[in-house]
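Peer 1: The structure file run29.txt (compact mmCIF, C-alpha atoms and all ligand atoms) is provided below.
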# COMPACT_ATOMS: atom_id res chain seq x y z
CA MET A 15 -11.26 -20.92 10.54
CA HIS A 16 -14.38 -21.66 12.58
CA ASP A 17 -17.19 -19.12 12.95
CA VAL A 18 -16.75 -16.33 15.46
CA ASP A 19 -19.48 -14.26 17.08
CA LEU A 20 -18.29 -10.86 15.92
CA LEU A 21 -15.79 -9.62 13.38
CA ILE A 22 -14.81 -5.95 13.26
CA LEU A 23 -13.16 -4.98 9.97
CA GLY A 24 -11.24 -1.93 8.87
CA PRO A 25 -10.54 0.31 11.88
CA LEU A 26 -7.21 1.75 12.90
CA ILE A 27 -6.44 -0.40 15.97
CA VAL A 28 -4.56 1.07 18.92
CA THR A 29 -3.85 -2.33 20.44
CA MET A 30 -1.93 -1.45 23.64
CA ASP A 31 -0.64 -5.03 23.36
CA LYS A 32 2.87 -5.81 24.55
CA ASN A 33 4.45 -4.20 21.48
CA GLU A 34 1.88 -1.41 21.46
CA ARG A 35 1.17 -2.09 17.81
CA LEU A 36 -0.89 0.30 15.71
CA ILE A 37 -2.69 -1.62 12.97
CA GLU A 38 -4.08 0.33 10.00
CA ASP A 39 -7.03 -1.30 8.24
CA GLY A 40 -7.10 -3.87 11.01
CA ALA A 41 -9.49 -6.57 12.15
CA VAL A 42 -10.53 -8.14 15.44
CA ALA A 43 -12.39 -11.42 15.88
CA ILE A 44 -14.41 -11.94 19.06
CA HIS A 45 -15.91 -15.18 20.28
CA GLU A 46 -17.76 -15.83 23.53
CA GLY A 47 -16.67 -12.46 24.87
CA GLU A 48 -13.00 -13.08 24.19
CA ILE A 49 -10.67 -11.60 21.60
CA VAL A 50 -9.58 -14.62 19.53
CA ALA A 51 -7.57 -12.91 16.79
CA VAL A 52 -6.17 -9.46 15.95
CA GLY A 53 -4.43 -8.47 12.71
CA LYS A 54 -4.70 -6.82 9.30
CA ARG A 55 -8.05 -6.96 7.57
CA THR A 56 -6.51 -8.90 4.67
CA GLU A 57 -5.72 -11.82 7.01
CA PHE A 58 -9.43 -12.22 7.81
CA GLU A 59 -10.87 -12.54 4.31
CA SER A 60 -11.95 -16.15 4.81
CA GLN A 61 -13.13 -15.62 8.40
CA ALA A 62 -16.80 -16.51 8.89
CA ALA A 63 -18.71 -14.70 11.61
CA THR A 64 -22.23 -14.51 12.99
CA GLU A 65 -21.97 -10.76 12.64
CA THR A 66 -19.48 -8.69 10.70
CA ILE A 67 -19.25 -4.93 11.04
CA THR A 68 -17.21 -2.56 8.94
CA ALA A 69 -15.52 0.16 10.95
CA SER A 70 -13.38 1.95 8.36
CA GLY A 71 -12.77 5.56 9.35
CA GLN A 72 -12.96 4.61 13.01
CA LEU A 73 -10.36 3.98 15.68
CA LEU A 74 -10.64 0.87 17.83
CA MET A 75 -8.95 0.90 21.24
CA PRO A 76 -9.31 -0.78 24.65
CA GLY A 77 -12.14 0.72 26.71
CA LEU A 78 -11.05 3.39 29.19
CA ILE A 79 -10.51 2.49 32.86
CA ASN A 80 -11.66 5.08 35.41
CA GLY A 81 -9.35 4.63 38.41
CA HIS A 82 -11.47 6.39 41.04
CA VAL A 83 -15.17 7.14 41.08
CA HIS A 84 -18.11 7.39 43.49
CA MET A 85 -21.01 6.41 41.23
CA GLY A 86 -23.78 7.03 43.78
CA ASP A 87 -22.66 10.64 44.15
CA SER A 88 -24.10 11.33 40.70
CA LEU A 89 -27.36 12.07 42.51
CA PHE A 90 -25.72 15.03 44.28
CA ARG A 91 -23.96 16.61 41.30
CA SER A 92 -23.65 20.41 41.85
CA LEU A 93 -25.59 20.28 45.14
CA VAL A 94 -22.63 21.65 47.14
CA GLU A 95 -20.27 24.09 45.45
CA ASP A 96 -17.50 26.57 46.23
CA LEU A 97 -16.33 25.25 49.61
CA PRO A 98 -12.99 23.77 50.76
CA LEU A 99 -12.88 19.97 50.96
CA GLU A 100 -13.62 19.48 54.66
CA PRO A 101 -16.75 21.71 55.04
CA TRP A 102 -17.77 20.62 51.56
CA LEU A 103 -17.69 16.98 52.69
CA GLU A 104 -19.73 17.82 55.82
CA ARG A 105 -22.51 19.30 53.70
CA LEU A 106 -22.42 16.48 51.19
CA TRP A 107 -22.46 13.79 53.88
CA ALA A 108 -25.54 15.37 55.51
CA SER A 109 -27.43 14.80 52.25
CA GLU A 110 -25.92 11.36 51.71
CA ARG A 111 -27.04 10.25 55.19
CA GLU A 112 -30.61 11.28 54.43
CA PHE A 113 -30.94 9.83 50.94
CA VAL A 114 -28.56 6.90 50.70
CA SER A 115 -30.38 3.57 50.41
CA TYR A 116 -29.97 0.53 48.18
CA GLU A 117 -32.55 1.89 45.70
CA HIS A 118 -31.14 5.39 45.53
CA VAL A 119 -27.55 4.21 45.20
CA ALA A 120 -28.64 1.86 42.39
CA LEU A 121 -30.29 4.82 40.64
CA GLY A 122 -27.15 6.94 41.03
CA ALA A 123 -25.09 4.01 39.74
CA ARG A 124 -27.29 3.59 36.66
CA LEU A 125 -26.95 7.30 35.96
CA ALA A 126 -23.15 7.09 36.35
CA LEU A 127 -22.94 3.93 34.23
CA ALA A 128 -24.94 5.57 31.44
CA GLU A 129 -22.56 8.55 31.52
CA MET A 130 -19.46 6.35 31.63
CA ILE A 131 -20.55 4.02 28.83
CA ARG A 132 -21.49 7.00 26.66
CA SER A 133 -17.98 8.36 27.11
CA GLY A 134 -16.15 5.11 26.35
CA THR A 135 -15.37 3.92 29.87
CA THR A 136 -15.70 0.16 30.20
CA CYS A 137 -14.28 -0.45 33.68
CA ALA A 138 -14.12 1.59 36.89
CA LEU A 139 -13.05 1.40 40.50
CA ASP A 140 -16.07 2.53 42.53
CA MET A 141 -16.27 3.41 46.23
CA PHE A 142 -19.71 4.11 47.66
CA TRP A 143 -22.24 3.10 50.29
CA PHE A 144 -24.25 -0.04 49.51
CA PRO A 145 -21.58 -1.37 47.14
CA GLU A 146 -23.98 -4.20 46.29
CA ALA A 147 -26.21 -1.60 44.59
CA GLY A 148 -23.25 -0.52 42.44
CA ALA A 149 -22.27 -4.11 41.71
CA ASP A 150 -25.81 -5.21 40.83
CA SER A 151 -26.29 -2.17 38.58
CA ALA A 152 -22.98 -2.84 36.82
CA ILE A 153 -23.86 -6.51 36.24
CA GLU A 154 -27.25 -5.46 34.84
CA ALA A 155 -25.62 -2.91 32.54
CA GLY A 156 -22.89 -5.37 31.46
CA PHE A 157 -20.17 -3.08 32.87
CA ARG A 158 -16.89 -4.21 34.46
CA LEU A 159 -16.64 -2.81 38.00
CA VAL A 160 -14.16 -3.15 40.83
CA THR A 161 -15.84 -2.41 44.15
CA GLY A 162 -16.57 -3.81 47.60
CA PRO A 163 -17.20 -3.21 51.29
CA ILE A 164 -16.90 0.33 52.71
CA PHE A 165 -15.31 1.22 56.05
CA PHE A 166 -16.19 4.47 57.82
CA ASP A 167 -16.14 4.80 61.62
CA PHE A 168 -18.57 7.64 62.29
CA ASP A 169 -22.22 8.15 61.56
CA SER A 170 -22.29 5.83 58.57
CA ALA A 171 -24.94 6.29 55.92
CA ASP A 172 -25.43 2.51 55.63
CA GLU A 173 -26.03 2.07 59.39
CA ILE A 174 -23.70 -0.93 59.61
CA SER A 175 -22.06 -0.85 63.05
CA ASN A 176 -18.27 -1.00 63.32
CA GLU A 177 -18.53 -4.40 65.02
CA ASP A 178 -20.44 -5.78 62.01
CA ARG A 179 -18.26 -4.35 59.23
CA ILE A 180 -15.93 -7.34 58.89
CA VAL A 181 -18.71 -9.95 58.83
CA THR A 182 -20.76 -7.84 56.43
CA GLY A 183 -17.64 -7.46 54.29
CA GLU A 184 -17.03 -11.22 54.27
CA HIS A 185 -20.60 -11.83 53.12
CA TRP A 186 -20.23 -9.23 50.41
CA LEU A 187 -16.97 -10.66 49.05
CA THR A 188 -18.37 -14.19 49.13
CA ARG A 189 -21.54 -13.14 47.35
CA TYR A 190 -19.75 -11.61 44.34
CA GLN A 191 -16.70 -13.85 44.10
CA ASN A 192 -18.09 -15.72 41.11
CA SER A 193 -19.34 -12.65 39.25
CA PRO A 194 -17.14 -12.34 36.16
CA LEU A 195 -17.75 -8.59 35.79
CA ILE A 196 -17.05 -7.71 39.44
CA GLY A 197 -13.55 -7.31 40.85
CA PRO A 198 -13.27 -7.35 44.67
CA CYS A 199 -11.90 -4.45 46.69
CA VAL A 200 -12.04 -3.48 50.38
CA GLN A 201 -12.47 0.26 50.85
CA PRO A 202 -11.84 2.19 54.05
CA HIS A 203 -12.64 5.83 53.30
CA ASN A 204 -9.53 7.44 54.78
CA HIS A 205 -7.14 7.02 57.74
CA LEU A 206 -8.75 9.94 59.62
CA THR A 207 -12.29 8.56 59.28
CA VAL A 208 -11.23 4.96 59.97
CA SER A 209 -9.14 3.98 63.01
CA PRO A 210 -5.78 2.19 62.60
CA GLU A 211 -7.36 -0.98 64.07
CA MET A 212 -10.18 -0.93 61.50
CA MET A 213 -7.73 -0.10 58.69
CA ARG A 214 -5.74 -3.20 59.66
CA ALA A 215 -8.85 -5.35 59.92
CA ALA A 216 -9.99 -4.12 56.49
CA HIS A 217 -6.58 -4.92 55.03
CA THR A 218 -6.64 -8.43 56.50
CA LEU A 219 -10.10 -8.93 55.02
CA ALA A 220 -8.76 -7.86 51.60
CA THR A 221 -5.80 -10.24 51.89
CA ASP A 222 -8.02 -13.16 52.97
CA PHE A 223 -10.19 -12.72 49.87
CA GLY A 224 -7.43 -11.80 47.41
CA ALA A 225 -9.08 -8.40 47.10
CA LEU A 226 -7.60 -4.95 46.50
CA PHE A 227 -7.32 -2.26 49.19
CA HIS A 228 -8.56 1.21 48.21
CA THR A 229 -8.47 4.40 50.29
CA HIS A 230 -8.09 8.20 50.02
CA CYS A 231 -4.64 9.51 50.92
CA SER A 232 -2.88 12.91 51.03
CA GLU A 233 -5.61 14.81 49.24
CA THR A 234 -5.30 18.20 50.98
CA THR A 235 -2.79 20.05 53.17
CA THR A 236 -5.48 20.11 55.90
CA GLU A 237 -5.53 16.29 55.87
CA VAL A 238 -1.73 16.08 55.97
CA THR A 239 -1.55 18.54 58.91
CA ALA A 240 -4.26 16.66 60.82
CA THR A 241 -2.44 13.38 60.23
CA LEU A 242 0.86 14.85 61.43
CA GLU A 243 -0.87 16.15 64.57
CA LYS A 244 -2.70 12.92 65.30
CA PHE A 245 -0.10 10.30 64.33
CA ASN A 246 3.11 12.31 64.05
CA ARG A 247 3.73 11.10 60.49
CA THR A 248 2.48 11.74 56.96
CA PRO A 249 -0.56 9.88 55.59
CA VAL A 250 1.60 7.61 53.38
CA ALA A 251 4.00 6.86 56.26
CA HIS A 252 1.02 6.19 58.53
CA LEU A 253 -0.45 3.65 56.10
CA GLU A 254 2.88 1.85 55.79
CA GLU A 255 3.56 1.92 59.54
CA ILE A 256 0.18 0.34 60.35
CA GLY A 257 0.90 -2.35 57.75
CA VAL A 258 -1.67 -1.64 55.05
CA LEU A 259 0.56 -0.39 52.24
CA ASP A 260 1.55 -2.98 49.63
CA SER A 261 1.12 -3.80 45.95
CA SER A 262 -2.63 -4.35 46.42
CA SER A 263 -3.06 -0.77 47.72
CA LEU A 264 -4.74 1.86 45.59
CA LEU A 265 -4.37 5.39 46.97
CA ALA A 266 -6.65 8.09 45.64
CA HIS A 267 -5.03 11.53 45.17
CA CYS A 268 -1.53 11.63 46.78
CA VAL A 269 -1.37 15.36 45.99
CA HIS A 270 1.03 16.22 48.84
CA LEU A 271 4.01 13.90 49.14
CA THR A 272 7.38 14.15 50.89
CA ASP A 273 10.59 12.58 49.54
CA ASP A 274 10.12 9.83 52.09
CA ASP A 275 6.53 9.24 50.85
CA PHE A 276 7.87 8.70 47.32
CA ARG A 277 10.30 6.09 48.60
CA ARG A 278 7.57 4.32 50.54
CA LEU A 279 5.22 4.22 47.56
CA ALA A 280 7.92 2.94 45.22
CA ARG A 281 9.14 0.34 47.72
CA THR A 282 5.71 -1.10 48.51
CA GLY A 283 4.39 -1.16 44.93
CA ALA A 284 1.23 0.77 45.79
CA SER A 285 -0.64 2.50 42.96
CA VAL A 286 -1.81 6.12 42.86
CA LEU A 287 -5.21 7.16 41.51
CA HIS A 288 -4.79 10.64 40.02
CA ASN A 289 -7.92 12.80 39.79
CA PRO A 290 -6.79 16.08 38.21
CA LEU A 291 -10.20 17.71 37.79
CA SER A 292 -11.34 16.99 41.33
CA ASN A 293 -8.05 18.23 42.80
CA LEU A 294 -8.28 21.45 40.82
CA LYS A 295 -11.95 22.13 41.48
CA LEU A 296 -11.61 21.56 45.23
CA GLY A 297 -8.42 23.63 45.29
CA SER A 298 -6.49 20.66 46.68
CA GLY A 299 -3.42 21.16 44.52
CA ILE A 300 -1.67 19.33 41.70
CA ALA A 301 -0.37 15.82 42.28
CA PRO A 302 3.33 15.30 41.44
CA VAL A 303 2.54 12.77 38.72
CA ALA A 304 5.67 13.29 36.62
CA ARG A 305 7.82 12.47 39.62
CA MET A 306 5.67 9.43 40.45
CA LEU A 307 6.23 8.11 36.92
CA ASP A 308 9.98 8.74 37.27
CA ALA A 309 9.95 6.74 40.50
CA GLY A 310 8.16 3.84 38.78
CA ILE A 311 4.95 4.27 40.79
CA PRO A 312 1.91 3.04 38.82
CA VAL A 313 -0.46 5.97 38.22
CA LEU A 314 -4.07 5.59 37.09
CA VAL A 315 -6.36 8.41 36.01
CA GLY A 316 -9.78 8.87 37.57
CA THR A 317 -12.59 11.38 37.59
CA ASP A 318 -13.45 11.09 41.29
CA GLY A 319 -17.16 11.49 42.09
CA PRO A 320 -19.35 13.80 40.02
CA VAL A 321 -19.79 15.99 43.09
CA SER A 322 -16.17 17.12 42.99
CA SER A 323 -15.26 16.98 39.30
CA ASN A 324 -18.88 17.32 38.18
CA ASP A 325 -18.68 14.73 35.45
CA LEU A 326 -17.22 11.31 34.71
CA ASP A 327 -15.50 12.31 31.50
CA MET A 328 -12.22 10.43 31.21
CA TRP A 329 -11.21 12.41 28.10
CA THR A 330 -11.03 15.66 30.06
CA ALA A 331 -9.30 13.86 32.92
CA MET A 332 -6.68 12.44 30.53
CA ARG A 333 -6.10 15.82 28.93
CA PHE A 334 -5.60 17.54 32.27
CA ALA A 335 -3.35 14.72 33.48
CA GLY A 336 -1.05 15.53 30.59
CA LEU A 337 -1.33 19.33 30.54
CA LEU A 338 -0.88 19.96 34.26
CA GLN A 339 2.55 18.37 34.56
CA ARG A 340 3.84 20.26 31.55
CA GLY A 341 2.51 23.56 32.85
CA VAL A 342 3.78 23.09 36.40
CA HIS A 343 7.25 21.99 35.33
CA ARG A 344 7.40 24.18 32.21
CA ASP A 345 8.44 21.12 30.28
CA PRO A 346 6.61 19.99 27.10
CA VAL A 347 8.33 16.60 27.12
CA LEU A 348 6.79 15.31 30.35
CA THR A 349 3.87 12.83 30.40
CA PRO A 350 3.86 11.86 26.71
CA ALA A 351 0.39 11.09 25.36
CA ARG A 352 1.19 7.39 25.10
CA ASP A 353 1.96 7.31 28.84
CA ILE A 354 -1.47 8.81 29.55
CA ILE A 355 -3.13 6.17 27.36
CA ARG A 356 -1.22 3.48 29.25
CA MET A 357 -2.57 4.85 32.55
CA VAL A 358 -6.18 4.40 31.39
CA THR A 359 -5.62 0.99 29.75
CA THR A 360 -2.74 -1.37 30.57
CA VAL A 361 -1.48 0.25 33.78
CA GLY A 362 -5.02 0.67 35.06
CA ALA A 363 -5.93 -2.94 34.30
CA ALA A 364 -2.80 -4.31 35.99
CA ALA A 365 -3.33 -2.23 39.14
CA LEU A 366 -6.93 -3.41 39.35
CA GLY A 367 -5.86 -7.05 39.14
CA LEU A 368 -7.25 -7.29 35.60
CA GLY A 369 -4.01 -7.27 33.62
CA GLY A 370 -4.85 -10.55 31.88
CA VAL A 371 -8.47 -9.57 31.36
CA THR A 372 -8.86 -6.06 29.97
CA GLY A 373 -6.84 -2.99 28.88
CA ARG A 374 -5.38 -4.51 25.70
CA ILE A 375 -6.60 -5.59 22.29
CA GLN A 376 -4.79 -8.87 22.34
CA LYS A 377 -5.65 -12.54 21.91
CA ASN A 378 -7.14 -14.17 25.03
CA HIS A 379 -8.17 -10.86 26.60
CA ARG A 380 -11.85 -10.13 27.15
CA ALA A 381 -13.31 -7.87 24.47
CA ASP A 382 -13.65 -4.49 26.21
CA LEU A 383 -13.39 -2.18 23.22
CA ILE A 384 -14.47 1.24 22.03
CA LEU A 385 -14.90 2.60 18.53
CA ILE A 386 -14.13 6.27 17.94
CA ASP A 387 -15.39 8.18 14.94
CA LEU A 388 -12.45 9.79 13.15
CA ASN A 389 -14.51 11.55 10.49
CA ARG A 390 -14.74 14.76 12.45
CA PRO A 391 -13.08 18.12 11.81
CA HIS A 392 -11.26 18.23 15.15
CA LEU A 393 -9.69 14.81 14.50
CA ALA A 394 -8.36 15.49 11.00
CA PRO A 395 -5.68 14.99 9.87
CA MET A 396 -4.11 12.43 12.19
CA TYR A 397 -0.37 11.85 12.32
CA ASP A 398 -0.17 10.71 15.95
CA PRO A 399 -3.12 8.68 17.26
CA TYR A 400 -2.00 8.89 20.92
CA ALA A 401 -1.82 12.70 20.79
CA HIS A 402 -5.27 12.72 19.19
CA LEU A 403 -6.74 10.55 21.90
CA VAL A 404 -5.37 12.71 24.72
CA TYR A 405 -5.48 16.21 23.23
CA SER A 406 -8.16 16.24 20.51
CA ALA A 407 -10.78 13.54 21.10
CA GLY A 408 -13.77 13.91 23.40
CA ARG A 409 -16.55 11.79 24.77
CA ASP A 410 -18.98 12.56 21.95
CA ASP A 411 -16.56 10.96 19.49
CA VAL A 412 -17.18 7.55 21.06
CA ARG A 413 -19.55 5.77 18.73
CA SER A 414 -19.87 2.22 20.03
CA VAL A 415 -18.82 0.39 23.18
CA ILE A 416 -18.32 -3.34 23.67
CA ILE A 417 -17.80 -4.88 27.12
CA ASP A 418 -17.04 -8.57 27.58
CA GLY A 419 -17.89 -9.09 23.90
CA THR A 420 -21.34 -7.47 24.08
CA PHE A 421 -22.40 -4.13 22.63
CA VAL A 422 -23.55 -1.87 25.47
CA MET A 423 -23.68 1.18 23.19
CA ARG A 424 -24.09 0.97 19.46
CA ASP A 425 -24.05 4.01 17.19
CA ARG A 426 -24.62 6.23 20.28
CA LYS A 427 -27.63 4.23 21.52
CA LEU A 428 -27.35 2.68 24.98
CA LEU A 429 -28.49 -0.94 24.90
CA THR A 430 -28.36 -2.10 28.52
CA ILE A 431 -29.64 0.96 30.42
CA ASP A 432 -33.04 2.61 30.04
CA GLU A 433 -31.62 6.10 29.90
CA ARG A 434 -34.95 7.88 29.70
CA ALA A 435 -36.26 6.16 32.84
CA VAL A 436 -33.00 6.83 34.72
CA LEU A 437 -33.14 10.54 33.88
CA ALA A 438 -36.82 10.83 34.87
CA ASP A 439 -36.24 9.05 38.21
CA THR A 440 -33.16 11.17 38.89
CA LYS A 441 -35.05 14.40 38.28
CA SER A 442 -37.86 13.49 40.66
CA LEU A 443 -35.44 12.41 43.42
CA ALA A 444 -33.43 15.61 42.91
CA ILE A 445 -36.46 17.67 43.92
CA GLU A 446 -36.49 15.94 47.32
CA ILE A 447 -32.70 16.22 47.72
CA GLU A 448 -32.81 19.94 46.97
CA ARG A 449 -35.67 20.55 49.39
CA HIS A 450 -33.79 18.73 52.16
CA ALA A 451 -30.59 20.68 51.43
CA ALA A 452 -32.50 23.96 51.60
CA VAL A 453 -33.80 23.05 55.07
CA LEU A 454 -30.26 22.10 56.17
CA SER A 455 -28.78 25.39 55.02
CA HIS A 456 -31.30 27.27 57.19
CA THR A 457 -30.49 25.38 60.36
ZN ZN B 1 -12.83 10.02 46.14
Write out the structure in this file as structure tokens.
Ligand SMILES: [Zn+2]
Peer 2:
Amino acid sequence: MHDVDLLILGPLIVTMDKNERLIEDGAVAIHEGEIVAVGKRTEFESQAATETITASGQLLMPGLINGHVHMGDSLFRSLVEDLPLEPWLERLWASEREFVSYEHVALGARLALAEMIRSGTTCALDMFWFPEAGADSAIEAGFRLVTGPIFFDFDSADEISNEDRIVTGEHWLTRYQNSPLIGPCVQPHNHLTVSPEMMRAAHTLATDFGALFHTHCSETTTEVTATLEKFNRTPVAHLEEIGVLDSSSLLAHCVHLTDDDFRRLARTGASVLHNPLSNLKLGSGIAPVARMLDAGIPVLVGTDGPVSSNDLDMWTAMRFAGLLQRGVHRDPVLTPARDIIRMVTTVGAAALGLGGVTGRIQKNHRADLILIDLNRPHLAPMYDPYAHLVYSAGRDDVRSVIIDGTFVMRDRKLLTIDERAVLADTKSLAIEIERHAAVLSHT
């Protein structure tokens, strides 16, 4: 066997490979960012490696995939609280318009990336102004990010006119098409903030570049009512009728669905991005996830922005994704833990166009891996690793994170982000944001 860059020996491996193997006392060999071999430790005794680490007493699994986030909103965490979605958005957008710039979005992205890496997330779908700031920050941090051009018809924080959105989008998608860590996505905010014509133009742009199409859909009853009044159909029906719903579509929320909506989602192959904490905190409702799974609709789990769920902790999001369905339906058999783990690994990767890249510990996949410390009272004993991951583990149990074969956190130390500088810069900008918000609330 030739030398490999990194050999990890001894962990319990939750592979999420096609047979969903669990390997006790396992081993993974990584070379040039790629997983080149996975098996039992005993099979690797003669394997030479530039670096070998022993990870006995730890669990190795694919890094978590956050299906819906607004990284730049980290700067506004807890600025606006205790309002329904629509007035809440108005207040938030007033601050965004004042403070959103390339530099500030990059700062918010670095803050979000630090939080996500610390909690074992290795890939996310991000929608925010100045998506180049998010993409550049992710590349710098060695993080896998799916993102791209934003569409929003009114009073945009990035000051790109509607006439220029397509050309700007084309430039953006061209600029990042050879970035191995960036996946392309075209992102109209919502069908009430973006006209049907612009939705169609955005969808065509996505198709032309082989990019995904990401939008918010059916989040609140207010949105559904407004859509019925304006277009005489539900949000999901509207998206299909204007021709933008297909297997490249990623719909955040889908809390309020009719029987017909279910059929449309299943027929078109669109994926749903479920954000349980955000939906609960904003009082939006509980998405019918169990029924989506029954209908074969791919469901991913996300945190949404830290303004609505207040953190980017995928462990809490996973736990709520499981608990809510059981509570609502009074059925402890729904949403088994393994299904939840699939949502944040294999299902998430496939929906983001990264099924052959990440989400599995399997030969020829990129090495996006996390190590979890099992030597903790709340994780002992362990009979069912999937149940532990969903119902017992938390973000502080994540010990090391590898993305594309490179350590980005090692023994709880971030290696690609200057966390101290990010926190200091965030605190000083927050003083200005708070002052501006105080003025707004008095006018
Ligand atoms: Zn959102």
Peer 1: Which residue out of A:Glu48, A:Glu117, A:Asp140, A:Glu448 has the minimum interatomic distance to ligand ZN 1 (chain B) when all atoms listed in the file are used?
Peer 2: A:Asp140
Peer 1: Counting all atoms listed in the file, which residues of chain A fall within 7 Å of ligand ZN 1 (chain B), and what is the closest atom pair for each with its distance in Å at one decimal, ordered by chain and rising number, as JSON lines?
Peer 2:
{"residue": "A:His82", "atom": "CA", "partner": "B:ZN1", "partner_atom": "ZN", "distance": 6.4}
{"residue": "A:Val83", "atom": "CA", "partner": "B:ZN1", "partner_atom": "ZN", "distance": 6.3}
{"residue": "A:His84", "atom": "CA", "partner": "B:ZN1", "partner_atom": "ZN", "distance": 6.5}
{"residue": "A:His230", "atom": "CA", "partner": "B:ZN1", "partner_atom": "ZN", "distance": 6.4}
{"residue": "A:Ala266", "atom": "CA", "partner": "B:ZN1", "partner_atom": "ZN", "distance": 6.5}
{"residue": "A:Asp318", "atom": "CA", "partner": "B:ZN1", "partner_atom": "ZN", "distance": 5.0}
{"residue": "A:Gly319", "atom": "CA", "partner": "B:ZN1", "partner_atom": "ZN", "distance": 6.1}
Peer 1: For range 412-415 of chain A, work out the shell of residues within 12 Å, counting all atoms listed in the file and skipping chain neighbours fewer than 2 positions away, then give it as JSON, numbers by chain.
Peer 2: {"A": [22, 67, 69, 71, 72, 73, 74, 75, 76, 77, 78, 128, 129, 130, 131, 132, 133, 134, 135, 136, 137, 156, 157, 327, 328, 329, 381, 382, 383, 384, 385, 386, 387, 388, 389, 390, 403, 407, 408, 409, 410, 417, 418, 419, 420, 421, 422, 423, 424, 425, 426, 427, 428, 429, 430]}
Peer 1: Using all atoms listed in the file, find all polymer residues with an atom at most 6 Å away from the point (5.0, 18.0, 46.4); report them as a PyMOL selection string.
Peer 2: chain A and resi 270-271+302
Peer 1: Distance CA of Leu265 in chain A-CA of Asp178 in chain A, one decimal place?
Peer 2: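 Atom-to-atom, CA of Leu265 in chain A and CA of Asp178 in chain A are spaced 24.7 Å apart.
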Peer 1: At most 8 Å is the cut-off: for each residue in range 32-95 of chain A with any atom that close to an atom of range 104-111 of chain A, write down the nearest atom pair and the distance in Å rounded to one decimal, counting all atoms listed in the file, chain first then increasing number, as a Markdown table.
Peer 2:
| residue | atom | partner | partner_atom | distance |
| --- | --- | --- | --- | --- |
| A:Phe90 | CA | A:Leu106 | CA | 7.8 |
| A:Leu93 | CA | A:Leu106 | CA | 7.8 |
| A:Val94 | CA | A:Leu106 | CA | 6.6 |
Peer 1: One decimal, Å: what's the distance from CA of Phe144 in chain A over to CA of Thr182 in chain A, could you say?
Peer 2: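 CA of Phe144 in chain A sits 11.0 Å away from CA of Thr182 in chain A.
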Peer 1: For Pro194 in chain A, which residue among A:Leu348, A:Val371, A:Leu291, A:Val453 is the nearest when counting only C-alpha atoms?
Peer 2: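 Using only C-alpha atoms, Pro194 in chain A sits closest to A:Val371.
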Peer 1: Just give me the gap between CA of Leu393 in chain A and CA of Ser406 in chain A in Å, one decimal is fine.
Peer 2: 6.4 Å
Peer 1: With a distance cut-off of 12 Å and only C-alpha atoms, select the neighbouring residues of Asn176 in chain A, excluding the residue or stretch itself and same-chain residues fewer than 6 positions from it, and output the selection as a compact mmCIF listing (two decimals) with C-alpha atoms, keeping the file's coordinate frame.
Peer 2:
# COMPACT_ATOMS: atom_id res chain seq x y z
CA ILE A 164 -16.90 0.33 52.71
CA PHE A 165 -15.31 1.22 56.05
CA PHE A 166 -16.19 4.47 57.82
CA ASP A 167 -16.14 4.80 61.62
CA PHE A 168 -18.57 7.64 62.29
CA ASP A 169 -22.22 8.15 61.56
CA SER A 170 -22.29 5.83 58.57
CA THR A 182 -20.76 -7.84 56.43
CA GLY A 183 -17.64 -7.46 54.29
CA PRO A 202 -11.84 2.19 54.05
CA THR A 207 -12.29 8.56 59.28
CA VAL A 208 -11.23 4.96 59.97
CA SER A 209 -9.14 3.98 63.01
CA GLU A 211 -7.36 -0.98 64.07
CA MET A 212 -10.18 -0.93 61.50
CA MET A 213 -7.73 -0.10 58.69
CA ALA A 215 -8.85 -5.35 59.92
CA ALA A 216 -9.99 -4.12 56.49
Peer 1: Find the residue from A:Thr229, A:Thr372, A:Thr359, A:Thr330 that sits nearest to His203 in chain A; use only C-alpha atoms when measuring.
Peer 2: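 Closest to His203 in chain A of all the choices is A:Thr229.
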Peer 1: Please provide as a list in words all residues within 8 Å of range 220-223 of chain A, with the sequence filter that same-chain residues fewer than 4 positions apart are discarded (counting all atoms listed in the file).
Peer 2: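 Residues near the query, excluding close chain neighbours: Leu187, Cys199, Val200, Ala216 and Phe227 of chain A.
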Peer 1: Just checking: using only C-alpha atoms, which residue out of A:Pro249, A:Asp150, A:Thr56, A:Leu21 ends up closest to Ile37 in chain A?
Peer 2: A:Thr56
Peer 1: Under the rule that only C-alpha atoms are counted, which of A:Asn293, A:Thr349, A:Asn378, A:Ser60 is the nearest residue to Ser323 in chain A?
Peer 2: A:Asn293
Peer 1: Find the residue from A:Pro399, A:Thr440, A:Gly257, A:Asn204 that sits nearest to Glu38 in chain A; use all atoms listed in the file when measuring.
Peer 2: A:Pro399
Peer 1: Give me the residues near Pro346 in chain A as a count of residues only, where near means some atom within 10 Å (using only C-alpha atoms) and where sequence neighbours in that chain fewer than 6 positions away do not count.
Peer 2: 4
Peer 1: Would you kindly return, as JSON, numbers by chain, each protein, DNA or RNA residue with an atom no farther than 12 Å from any atom of Cys231 in chain A, considering all atoms listed in the file and excluding same-chain residues fewer than 2 positions away?
Peer 2: {"A": [202, 203, 204, 205, 206, 207, 228, 229, 233, 234, 235, 236, 237, 238, 241, 248, 249, 250, 251, 252, 253, 254, 259, 263, 264, 265, 266, 267, 268, 269, 270, 271, 275, 279, 284, 285, 286, 287, 288, 301]}
